>>> print(open('input_12.txt').read())   # compact mmCIF, C-alpha atoms
# COMPACT_ATOMS: atom_id res chain seq x y z
CA MET A 1 0.00 0.00 0.00
CA THR A 2 1.39 3.42 -0.97
CA ILE A 3 1.52 6.49 1.27
CA GLY A 4 -1.33 8.03 -0.72
CA GLU A 5 -3.48 4.91 -0.29
CA ARG A 6 -2.88 4.91 3.47
CA LEU A 7 -3.91 8.57 3.63
CA VAL A 8 -7.12 7.81 1.72
CA GLU A 9 -7.87 4.85 4.01
CA GLU A 10 -7.32 6.83 7.23
CA ARG A 11 -9.31 9.83 5.96
CA LYS A 12 -12.28 7.64 5.08
CA LYS A 13 -12.18 5.96 8.50
CA LEU A 14 -12.92 9.40 9.96
CA HIS A 15 -15.63 10.04 7.34
CA LEU A 16 -13.85 13.17 6.12
CA THR A 17 -13.84 14.61 2.62
CA GLN A 18 -10.62 16.00 1.17
CA GLU A 19 -11.96 19.50 1.78
CA GLU A 20 -12.80 18.77 5.43
CA LEU A 21 -9.35 17.27 6.03
CA GLY A 22 -7.80 20.31 4.40
CA LEU A 23 -9.72 22.61 6.76
CA LYS A 24 -8.44 20.70 9.80
CA LEU A 25 -4.85 21.05 8.53
CA ASN A 26 -5.30 24.63 7.23
CA ILE A 27 -4.33 23.64 3.68
CA SER A 28 -6.18 23.39 0.37
CA ARG A 29 -8.19 20.43 -0.92
CA GLN A 30 -5.83 20.33 -3.91
CA ALA A 31 -2.84 19.66 -1.61
CA ILE A 32 -4.68 16.69 -0.05
CA SER A 33 -5.50 15.40 -3.53
CA LYS A 34 -1.81 15.56 -4.57
CA TRP A 35 -0.74 13.61 -1.47
CA GLU A 36 -3.31 10.91 -2.08
CA SER A 37 -2.44 10.70 -5.78
CA GLY A 38 1.26 10.33 -4.96
CA LEU A 39 2.24 13.53 -6.80
CA CYS A 40 3.95 14.88 -3.68
CA LEU A 41 4.41 14.07 0.02
CA PRO A 42 3.32 15.95 3.17
CA ASP A 43 6.06 17.97 4.85
CA THR A 44 7.22 17.17 8.39
CA ALA A 45 4.80 19.53 10.10
CA ASN A 46 1.81 18.09 8.25
CA LEU A 47 2.99 14.51 8.86
CA ILE A 48 2.91 15.22 12.61
CA LYS A 49 -0.60 16.72 12.31
CA LEU A 50 -1.80 13.72 10.29
CA SER A 51 -0.28 11.34 12.84
CA SER A 52 -2.19 13.03 15.65
CA LEU A 53 -5.45 13.24 13.68
CA PHE A 54 -5.33 9.62 12.47
CA SER A 55 -4.12 8.29 15.85
CA CYS A 56 -1.11 6.58 14.32
CA SER A 57 2.66 7.02 14.12
CA VAL A 58 4.46 8.98 11.41
CA ASP A 59 6.33 5.77 10.62
CA TYR A 60 3.02 4.04 9.83
CA ILE A 61 2.06 6.78 7.36
CA LEU A 62 5.43 6.60 5.59
CA ARG A 63 6.22 2.88 5.75
CA GLY A 64 3.07 1.10 6.89
CA ASN A 65 4.75 -0.20 10.06
CA GLU A 66 3.13 -0.48 13.51
CA ARG A 67 0.09 1.77 13.68
CA GLU A 68 0.22 2.75 17.38
CA ILE A 69 1.05 6.29 18.38
CA GLU A 70 4.57 6.42 19.75
CA ASN A 71 3.60 8.29 22.92
CA LYS A 72 0.82 6.30 24.56
CA GLU A 73 0.22 8.91 27.25
CA GLU A 74 -0.63 11.46 24.55
CA THR A 75 -3.02 8.94 23.00
CA ASN A 76 -5.09 8.77 26.18
CA VAL A 77 -5.43 12.53 26.26
CA SER A 78 -6.00 13.27 22.59
CA LEU A 79 -8.25 10.46 21.42
CA PRO A 80 -11.46 11.43 23.32
CA TYR A 81 -11.11 14.98 22.03
CA GLN A 82 -10.47 13.77 18.48
CA LYS A 83 -13.49 11.48 18.58
CA ILE A 84 -15.67 14.46 19.37
CA LYS A 85 -14.06 16.59 16.68
CA THR A 86 -14.32 14.01 13.93
CA LYS A 87 -18.02 13.40 14.51
CA GLU A 88 -18.88 16.92 13.35
CA LYS A 89 -21.48 16.84 10.61
CA HIS A 90 -23.04 19.59 8.56
CA SER A 91 -25.39 20.01 5.66
CA GLU A 92 -24.04 20.60 2.17
CA LYS A 93 -26.94 23.00 1.60
CA THR A 94 -26.48 26.55 2.87
CA LEU A 95 -28.80 29.29 4.05
CA MET A 96 -27.66 32.86 4.68
CA GLY A 97 -24.09 31.72 4.04
CA LEU A 98 -24.25 29.01 6.72
CA PRO A 99 -24.74 25.24 6.47
CA LEU A 100 -28.47 24.52 6.82
CA TRP A 101 -27.68 22.38 9.89
CA SER A 102 -24.57 21.55 11.86
CA ILE A 103 -23.93 19.00 14.63
CA GLY A 104 -20.65 18.57 16.49
CA TYR A 105 -18.28 19.75 19.19
CA ASN A 106 -17.88 23.13 17.48
CA ALA A 107 -21.10 23.46 15.51
CA LYS A 108 -21.87 26.42 13.27
CA GLY A 109 -24.93 26.49 11.05
CA PHE A 110 -28.39 27.95 10.51
CA PHE A 111 -29.67 25.19 12.84
CA SER A 112 -26.82 24.32 15.17
CA LEU A 113 -26.36 21.65 17.87
CA GLY A 114 -23.11 21.10 19.76
CA PHE A 115 -20.99 21.60 22.85
CA ARG A 116 -20.03 24.99 21.43
CA SER A 117 -22.86 25.97 19.18
CA GLN A 118 -23.33 29.03 16.98
CA GLY A 119 -26.20 29.68 14.58
CA VAL A 120 -29.47 31.42 13.90
CA PHE A 121 -31.15 28.69 16.00
CA SER A 122 -28.55 27.37 18.41
CA LEU A 123 -28.58 24.66 21.10
CA GLY A 124 -25.47 23.80 23.09
CA PHE A 125 -23.60 23.88 26.39
CA ILE A 126 -22.15 27.20 25.24
CA SER A 127 -24.65 28.62 22.77
CA LYS A 128 -24.72 31.77 20.62
CA GLY A 129 -27.50 32.65 18.20
CA ILE A 130 -30.48 34.78 17.34
CA CYS A 131 -32.51 32.16 19.19
CA SER A 132 -30.18 30.51 21.69
CA LEU A 133 -30.64 27.76 24.30
CA GLY A 134 -27.78 26.52 26.46
CA CYS A 135 -26.16 26.30 29.85
CA PHE A 136 -24.33 29.50 28.93
CA SER A 137 -26.49 31.26 26.37
CA PHE A 138 -25.99 34.45 24.34
CA GLY A 139 -28.50 35.69 21.77
CA GLY A 140 -31.39 37.83 20.66
CA ILE A 141 -33.76 35.46 22.46
CA SER A 142 -31.60 33.71 25.03
CA ILE A 143 -32.48 30.92 27.47
CA GLY A 144 -29.97 29.32 29.83
CA MET A 145 -28.62 28.91 33.34
CA ALA A 146 -26.54 32.01 32.65
CA SER A 147 -28.23 34.01 29.92
CA LEU A 148 -27.42 37.23 28.06
CA GLY A 149 -29.71 38.58 25.34
CA ALA A 150 -32.22 41.13 24.17
CA LEU A 151 -34.95 38.90 25.66
CA SER A 152 -33.19 36.88 28.33
CA LEU A 153 -34.45 34.02 30.53
CA GLY A 154 -32.26 32.15 32.98
CA THR A 155 -31.17 31.42 36.53
CA PHE A 156 -28.84 34.41 36.13
CA SER A 157 -30.27 36.60 33.42
CA VAL A 158 -29.13 39.87 31.83
CA GLY A 159 -30.90 41.57 28.95
CA ILE A 160 -33.04 44.38 27.63
CA LEU A 161 -36.04 42.42 28.93
CA SER A 162 -35.03 39.87 31.54
CA LEU A 163 -36.62 37.04 33.54
CA GLY A 164 -34.71 34.95 36.07
CA ALA A 165 -33.90 34.09 39.66
CA ILE A 166 -31.35 36.92 39.52
CA SER A 167 -32.50 39.26 36.80
CA ILE A 168 -30.93 42.47 35.46
CA ALA A 169 -32.37 44.44 32.54
CA LEU A 170 -32.09 47.73 30.66
CA ILE A 171 -35.89 48.16 30.45
CA ALA A 172 -37.93 45.65 32.48
CA SER A 173 -37.00 42.80 34.79
CA LEU A 174 -38.84 40.05 36.69
CA GLY A 175 -37.06 37.86 39.22
CA ALA A 176 -36.50 36.84 42.82
CA ILE A 177 -33.78 39.51 42.79
CA SER A 178 -34.65 42.07 40.16
CA ILE A 179 -32.79 45.19 39.00
CA ALA A 180 -34.14 47.34 36.16
CA PRO A 181 -35.88 50.66 35.41
CA LEU A 182 -39.18 48.73 35.70
CA SER A 183 -38.47 46.07 38.30
CA LEU A 184 -40.70 43.33 39.74
CA GLY A 185 -39.37 40.84 42.29
CA SER A 186 -39.12 39.70 45.87
CA LEU A 187 -36.16 42.04 46.22
CA SER A 188 -36.82 44.73 43.66
CA ILE A 189 -34.62 47.73 42.81
CA GLY A 190 -35.28 50.22 40.04
CA GLU A 191 -36.77 53.50 38.93
CA VAL A 192 -40.26 51.99 39.21
CA SER A 193 -40.26 49.04 41.59
CA VAL A 194 -42.80 46.47 42.82
CA GLY A 195 -41.89 43.75 45.30
CA ALA A 196 -41.87 42.46 48.85
CA PHE A 197 -38.74 44.53 49.53
CA SER A 198 -39.04 47.39 47.08
CA ARG A 199 -36.72 50.29 46.35
CA GLY A 200 -37.89 52.56 43.54
CA ARG A 201 -36.44 55.96 42.84
CA TRP A 202 -39.77 57.35 41.57
CA PHE A 203 -42.37 54.74 42.51
CA SER A 204 -42.16 51.92 45.03
CA TYR A 205 -44.90 49.42 45.91
CA GLY A 206 -44.54 46.51 48.32
CA ASP A 207 -44.47 45.23 51.90
CA ASN A 208 -41.39 47.32 52.58
CA ALA A 209 -41.31 50.26 50.17
CA LYS A 210 -39.12 53.31 49.75
CA GLY A 211 -39.17 55.90 46.98
CA PHE A 212 -40.43 59.28 45.80
CA ILE A 213 -43.94 57.79 45.78
CA SER A 214 -44.13 54.85 48.20
CA ILE A 215 -47.09 52.57 48.91
CA SER A 216 -46.91 49.68 51.35
CA LYS A 217 -48.92 47.40 53.63
CA THR A 218 -46.51 47.62 56.56
CA LYS A 219 -43.42 49.83 56.28
CA VAL A 220 -43.14 52.84 53.99
CA SER A 221 -40.78 55.80 53.56
CA GLY A 222 -40.31 58.48 50.95
CA ASP A 223 -41.45 61.95 49.87
CA TYR A 224 -45.09 60.94 49.33
CA THR A 225 -46.26 57.83 51.15
CA ALA A 226 -49.43 55.83 51.79
CA LEU A 227 -50.41 52.63 53.57
CA LEU A 228 -52.71 50.05 52.03
CA PRO A 229 -55.64 50.03 51.67
CA LEU A 230 -55.61 53.48 50.08
CA LYS A 231 -58.09 56.04 51.34
CA LYS A 232 -60.55 57.73 49.02
CA GLY A 233 -58.77 60.17 46.71
CA GLU A 234 -55.33 59.10 47.96
CA GLY A 235 -54.50 57.08 44.85
CA GLU A 236 -55.52 59.94 42.53
CA TYR A 237 -53.35 62.37 44.47
CA LEU A 238 -50.27 60.17 44.46
CA TYR A 239 -50.71 59.40 40.77
CA SER A 240 -50.97 63.10 39.90
CA MET A 241 -47.79 63.87 41.88
CA LEU A 242 -45.97 61.08 40.08
CA LYS A 243 -47.27 62.15 36.67
CA ASP A 244 -46.05 65.72 37.24
CA ASN A 245 -42.54 64.68 38.33
CA ILE A 246 -41.57 61.40 36.64
CA PRO A 247 -38.91 61.78 33.88
CA TRP A 248 -39.98 61.51 30.23
CA TYR A 249 -38.12 58.23 29.67
CA LEU A 250 -40.29 56.53 32.33
CA ARG A 251 -43.68 57.88 31.28
CA TRP A 252 -44.39 54.58 29.50
CA THR A 253 -44.76 53.00 32.97
CA LEU A 254 -47.63 55.31 34.00
CA GLY A 255 -50.33 53.07 32.51
CA SER A 256 -49.17 50.10 34.61
CA ILE A 257 -48.95 52.22 37.74
CA LYS A 258 -52.44 53.61 37.16
CA HIS A 259 -53.78 50.07 36.82
CA LEU A 260 -51.92 49.00 39.99
CA LEU A 261 -53.57 51.83 41.91
CA GLY A 262 -56.99 50.80 40.61
CA LEU A 263 -57.66 54.10 38.88
>>> encode(input="input_12.txt", output="structure tokens")
Amino acid sequence: MTIGERLVEERKKLHLTQEELGLKLNISRQAISKWESGLCLPDTANLIKLSSLFSCSVDYILRGNEREIENKEETNVSLPYQKIKTKEKHSEKTLMGLPLWSIGYNAKGFFSLGFRSQGVFSLGFISKGICSLGCFSFGGISIGMASLGALSLGTFSVGILSLGAISIALIASLGAISIAPLSLGSLSIGEVSVGAFSRGRWFSYGDNAKGFISISKTKVSGDYTALLPLKKGEGEYLYSMLKDNIPWYLRWTLGSIKHLLGL
């Protein structure tokens, strides 16, 4: 068996095309084709890479001798990783410049599934995508244990709109611990805040409330305060004070506050 024939045999064992092998070695498909046709031989650096990828010795590639890797300790470390890498699959069809689907350790496609996954629709341990689901998730719509996205849901969640046990948002947040301009949570901190322990710069509503306008069942402090249940006309008065003083960028919250006050 020639060197080229051994290269073809080992490549096919890993279910790789010439182009895919070339990508792993950072060389062209044409170079792989020349090796396999016997027109030229791989240089030393590429022989070492091929030895590692094929889990065999350089001597086996050149002479067909014993196939084992010379350093057995390296074999134990590298083989599990290589098995994951070589199982990567992707569609030949493309969409938006990406494979239609991709599955593997490092997956990248329109629909993507992998340990490290990147795509329009992405699922993985570490996931990035427009719609992303993973243990660590980053995306437009992001769901994960630790999540970052425009719309973010997770145990620890950060986003423009955020929902999570610990939730931080640029606009609105809901969580056990919640921090956002419009914040709802057991411990709630924001410009407009609703929660058991509530701290709102302009409006605060909860069992323990503090803010410019503060409404509470038990403990309340602030510039304008009231205890629940509200007395007749008290809600209208507090709402008018808030409406006259709240900054323009928070006026979108007035409808929710008005509904909360039962007006």
>>> residues_near_point(input="input_12.txt", point="(2.8, 11.6, 7.1)", cutoff="8 Å", atoms="only C-alpha atoms", output="PDB file with C-alpha atoms, keeping the file's coordinate frame")
ATOM      1  CA  ILE A   3       1.520   6.490   1.270  1.00  0.00           C
ATOM      2  CA  LEU A  41       4.410  14.070   0.020  1.00  0.00           C
ATOM      3  CA  PRO A  42       3.320  15.950   3.170  1.00  0.00           C
ATOM      4  CA  ASP A  43       6.060  17.970   4.850  1.00  0.00           C
ATOM      5  CA  THR A  44       7.220  17.170   8.390  1.00  0.00           C
ATOM      6  CA  ASN A  46       1.810  18.090   8.250  1.00  0.00           C
ATOM      7  CA  LEU A  47       2.990  14.510   8.860  1.00  0.00           C
ATOM      8  CA  ILE A  48       2.910  15.220  12.610  1.00  0.00           C
ATOM      9  CA  LEU A  50      -1.800  13.720  10.290  1.00  0.00           C
ATOM     10  CA  SER A  51      -0.280  11.340  12.840  1.00  0.00           C
ATOM     11  CA  VAL A  58       4.460   8.980  11.410  1.00  0.00           C
ATOM     12  CA  ASP A  59       6.330   5.770  10.620  1.00  0.00           C
ATOM     13  CA  ILE A  61       2.060   6.780   7.360  1.00  0.00           C
ATOM     14  CA  LEU A  62       5.430   6.600   5.590  1.00  0.00           C
TER      15      LEU A  62
END
>>> closest_residue(input="input_12.txt", among="A:Gly22, A:Gly154, A:Gly124, A:Gly97", to="Leu53 in chain A", atoms="all atoms listed in the file")
A:Gly22
>>> residues_around(input="input_12.txt", residues="Val158 in chain A", least_positions_apart="3", cutoff="7 Å", atoms="only C-alpha atoms", output="VMD selection string")
chain A and resid 147 to 149 152 162 167 to 169
>>> write_last_selection(input="input_12.txt", atoms="C-alpha atoms", output="JSON list (two decimals), in the frame of the given file")
[["chain", "number", "residue", "atom", "x", "y", "z"],
["A", 147, "SER", "CA", -28.23, 34.01, 29.92],
["A", 148, "LEU", "CA", -27.42, 37.23, 28.06],
["A", 149, "GLY", "CA", -29.71, 38.58, 25.34],
["A", 152, "SER", "CA", -33.19, 36.88, 28.33],
["A", 162, "SER", "CA", -35.03, 39.87, 31.54],
["A", 167, "SER", "CA", -32.50, 39.26, 36.80],
["A", 168, "ILE", "CA", -30.93, 42.47, 35.46],
["A", 169, "ALA", "CA", -32.37, 44.44, 32.54]]
>>> closest_residue(input="input_12.txt", among="A:Leu260, A:Ala180, A:Asp244, A:Ile141", to="Leu230 in chain A", atoms="all atoms listed in the file")
A:Leu260
>>> atom_distance(input="input_12.txt", atom1="CA of Gly195 in chain A", atom2="CA of His259 in chain A")
15.9 Å
>>> atom_distance(input="input_12.txt", atom1="CA of Tyr249 in chain A", atom2="CA of Phe138 in chain A")
27.2 Å
>>> residues_around(input="input_12.txt", residues="range 33-39 of chain A", least_positions_apart="2", cutoff="10 Å", atoms="only C-alpha atoms", output="PyMOL selection string")
chain A and resi 2-9+18-19+22+28-31+41-42
>>> atom_distance(input="input_12.txt", atom1="CA of Gly206 in chain A", atom2="CA of Val220 in chain A")
8.6 Å
>>> closest_residue(input="input_12.txt", among="A:His15, A:Leu98, A:Ser216, A:Met1", to="Gly64 in chain A", atoms="all atoms listed in the file")
A:Met1
>>> closest_residue(input="input_12.txt", among="A:Ser221, A:Asn106, A:Ser142, A:Ser55", to="Arg11 in chain A", atoms="only C-alpha atoms")
A:Ser55
>>> closest_residue(input="input_12.txt", among="A:Met96, A:Ala165, A:Leu113, A:Leu16", to="Met145 in chain A", atoms="only C-alpha atoms")
A:Ala165
>>> closest_residue(input="input_12.txt", among="A:Thr155, A:Ala45, A:Ala150, A:Ser102", to="Cys135 in chain A", atoms="only C-alpha atoms")
A:Thr155
